[in-house]
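**Student:** Next up is a structure, given as structure tokens.
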Amino acid sequence: MTAAQTLPDPAPAAPEAPRPSRWRAAMTEIVSGNVLVSILAVVAAIVVGSLMIALTDPGVQAAMSYFFAQPGDTFVAIGNAVGGAYAALFRGSIYNVNADSFAIGIRPLTETLKFATPLIAAGLGVGLAFRAGLFNIGGQGQMLMAAAAAGYVATSWNLPFPLHMIVALIAGVAAGAVWAGIAGFLKARTGAHEVIVTIMLNHIAFYLLAWMLATQGLLQAPGSNNPKTAPMADSAVLPQILGPMYKLHLGFLFALVAVAVTWWLLERSSLGFRFRAVGENPAAARTAGISVGRMYFTVMLVAGALVGLAGVSQVLGTEPKGFSGGIDAGIGFDAITVALLGRSRPLGILGAGLLFGAFKTGGFTMQASQGVPIEIVLVVQSLIVLFIAAPPLVRAMFGLPQPGRTTRRQRRADAKRRLVAEKEVAA
């Protein structure tokens, strides 16, 4: 008997798991991705908002009082309340189907784009800082300082168009960059937490602007005691891109350019690569030779410039008749929501800004035509933030697989393969 005949046969190898098809792999990637979670977060918030609309509607409340006698009336009332509310939202934000002409009917869409313009620009600034690992919540202060600088140039300087507009635009963007750069410099040099610093800078900017608006020769309108500026010079105002019938101004095109530039910066430039490397792992980036402190300072400069563009669009485009201390209109904080919903991606921030612009524009129509409290729209926006901040909750609500956790089907398939392998070994 040879040595080969005395050796036992090797155990059969366990069968390889079948590779999923291309379509199944694509669907798995979509289901497990963050984009779907963002979309479902909006859907979940709208569903909860629908319940609140139904419960606060007087018609639904009246029908529920005799629900057991005629339950159909309650469901009809719920459908009328929810359907009427979201139909009003569509008419107020996208297209007014009751308008006499297409030119009038499309006006709500232009209002949505106008409201979305500063949200997109400020959201880009917040999202860019997020990608570098910084939490920039100083959008309010950066917008106020940008508004102050652009407003001063637009009211005090005498230049021809379009030079006057360009100089005011550059002044506002530069002021936003400098104000955010203070937080970046302190973070880089002293390790000061950017959240605390930007909050303090918000307060400083608010009271500094209030002082400017109350001081003759700075921003206060000549001969007035009101804390408000004079109207912006016509040579500095952003032109209306669709004519005098609509309020959509050139700032929207600037916001689109900012989206494209930010995308290129993050995805195609070496500077953007360093931003992302620092955001993923500062220690590893430092080991690779990247100056983390310099990146913190640089990214805050760029982020502040983007938020400053939002302030400029408010002053030179939306409020050219003069502005007061509330020119930021809460956009600096709404930009955090936009950046979260957009997953800090430029294209995602664009979509989130348009969505929140539609909410803001259509909310007024919901309130005027259907009696829906405007606070309902704010609740929906808040719920979006809540669901965005809790992806496992959204996945559990819609039965999506959790990342890094095998599904029940995968566990059954693995158990079956192990059983087959054990039987073959035993045989």
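By convention here, the chains of the structure tokens are called A, B, ... in the order presented, each chain's residues are numbered starting at 1, and ligands are numbered starting at 1 in the order presented.
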DSSP on the backbone, helix (DSSP H, G or I) only: what residues of stretch 109-214 of chain A does that give? Format it as number ranges by chain.

**Tutor:** A: 109-131, 139-156, 163-190, 194-213

**Student:** Considering only C-alpha atoms, return as a ChimeraX atom specification whatever protein or nucleic-acid residues lie within 12 Å of A:Leu301, sequence-local ones (same chain, fewer than 2 positions apart) excluded.

**Tutor:** /A:125-126,128-129,136,142,173-185,294-299,303-308

**Student:** Go ahead and save the picked residues with N, CA and C atoms, as a short mmCIF file (atom, residue, chain, number, x, y, z; two decimals), in the first residue's frame.

**Tutor:**
```cif
data_model
loop_
_atom_site.label_atom_id
_atom_site.label_comp_id
_atom_site.auth_asym_id
_atom_site.auth_seq_id
_atom_site.Cartn_x
_atom_site.Cartn_y
_atom_site.Cartn_z
N GLY A 125 -21.95 76.32 3.03
CA GLY A 125 -20.94 76.69 4.00
C GLY A 125 -20.93 75.78 5.21
N VAL A 126 -22.12 75.44 5.70
CA VAL A 126 -22.21 74.54 6.85
C VAL A 126 -21.75 73.13 6.46
N LEU A 128 -19.75 72.17 4.02
CA LEU A 128 -18.31 72.10 3.75
C LEU A 128 -17.54 71.95 5.06
N ALA A 129 -17.94 72.70 6.07
CA ALA A 129 -17.26 72.57 7.37
C ALA A 129 -17.51 71.19 7.97
N ASN A 136 -19.93 74.17 12.07
CA ASN A 136 -20.07 75.62 11.88
C ASN A 136 -21.52 76.02 12.12
N GLN A 142 -22.08 85.19 10.46
CA GLN A 142 -21.42 85.37 9.17
C GLN A 142 -22.34 86.06 8.17
N VAL A 173 -18.94 88.80 0.74
CA VAL A 173 -18.34 87.46 0.79
C VAL A 173 -17.07 87.49 1.63
N ALA A 174 -16.26 88.54 1.47
CA ALA A 174 -15.03 88.65 2.25
C ALA A 174 -15.33 88.82 3.74
N ALA A 175 -16.36 89.59 4.07
CA ALA A 175 -16.71 89.79 5.48
C ALA A 175 -17.16 88.48 6.12
N GLY A 176 -17.95 87.70 5.40
CA GLY A 176 -18.36 86.39 5.91
C GLY A 176 -17.18 85.47 6.11
N ALA A 177 -16.22 85.51 5.16
CA ALA A 177 -15.03 84.66 5.28
C ALA A 177 -14.18 85.07 6.48
N VAL A 178 -14.01 86.37 6.69
CA VAL A 178 -13.19 86.84 7.81
C VAL A 178 -13.86 86.46 9.14
N TRP A 179 -15.17 86.62 9.22
CA TRP A 179 -15.87 86.33 10.48
C TRP A 179 -15.77 84.84 10.83
N ALA A 180 -15.92 83.98 9.82
CA ALA A 180 -15.75 82.55 10.08
C ALA A 180 -14.28 82.20 10.28
N GLY A 181 -13.37 82.94 9.62
CA GLY A 181 -11.96 82.67 9.77
C GLY A 181 -11.47 82.90 11.19
N ILE A 182 -12.15 83.78 11.93
CA ILE A 182 -11.77 83.98 13.34
C ILE A 182 -11.91 82.68 14.12
N ALA A 183 -13.05 82.00 13.91
CA ALA A 183 -13.26 80.72 14.58
C ALA A 183 -12.25 79.68 14.11
N GLY A 184 -11.97 79.65 12.81
CA GLY A 184 -10.99 78.71 12.29
C GLY A 184 -9.59 78.96 12.83
N PHE A 185 -9.22 80.25 12.95
CA PHE A 185 -7.90 80.58 13.47
C PHE A 185 -7.76 80.16 14.94
N ARG A 294 -3.96 74.30 9.57
CA ARG A 294 -4.13 75.11 8.37
C ARG A 294 -5.41 74.74 7.63
N MET A 295 -5.74 73.46 7.60
CA MET A 295 -6.97 73.04 6.94
C MET A 295 -8.19 73.57 7.69
N TYR A 296 -8.15 73.56 9.03
CA TYR A 296 -9.27 74.11 9.80
C TYR A 296 -9.48 75.59 9.47
N PHE A 297 -8.39 76.33 9.41
CA PHE A 297 -8.49 77.75 9.12
C PHE A 297 -9.00 77.98 7.69
N THR A 298 -8.46 77.22 6.74
CA THR A 298 -8.83 77.42 5.34
C THR A 298 -10.28 77.04 5.09
N VAL A 299 -10.73 75.92 5.66
CA VAL A 299 -12.09 75.49 5.39
C VAL A 299 -13.09 76.46 6.01
N ALA A 303 -15.96 78.31 4.00
CA ALA A 303 -17.33 78.15 4.49
C ALA A 303 -17.96 79.51 4.80
N GLY A 304 -17.20 80.40 5.43
CA GLY A 304 -17.72 81.73 5.71
C GLY A 304 -18.03 82.52 4.45
N ALA A 305 -17.21 82.34 3.42
CA ALA A 305 -17.48 83.02 2.15
C ALA A 305 -18.80 82.54 1.55
N LEU A 306 -19.06 81.24 1.63
CA LEU A 306 -20.32 80.71 1.10
C LEU A 306 -21.52 81.23 1.89
N VAL A 307 -21.40 81.24 3.22
CA VAL A 307 -22.48 81.79 4.03
C VAL A 307 -22.62 83.29 3.76
N GLY A 308 -21.50 83.96 3.55
CA GLY A 308 -21.56 85.37 3.21
C GLY A 308 -22.31 85.63 1.92
#
```

**Student:** Name the closest residue to A:Glu267 among the candidates A:Leu340, A:Met232, A:Leu347, A:Ile166; distances are taken between atoms, counting only C-alpha atoms.

**Tutor:**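 Looking at the shortest contact to A:Glu267, the residue is A:Leu347.
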
**Student:** So how far away is atom CA of A:Ile199 from atom CA of A:Ala214, in Å?

**Tutor:** 23.3 Å

**Student:** Which residue, A:Gly348, A:Gly243, A:Gly322, A:Pro222, has the smallest gap to A:Thr262 when you use only C-alpha atoms?

**Tutor:** A:Gly348

**Student:** What's around A:Trp157 at 10 Å? Count only C-alpha atoms, leave out sequence neighbours fewer than 5 positions away in its own chain, and write the answer as a PyMOL selection string.

**Tutor:** chain A and resi 151-152+164+167-168+233+236
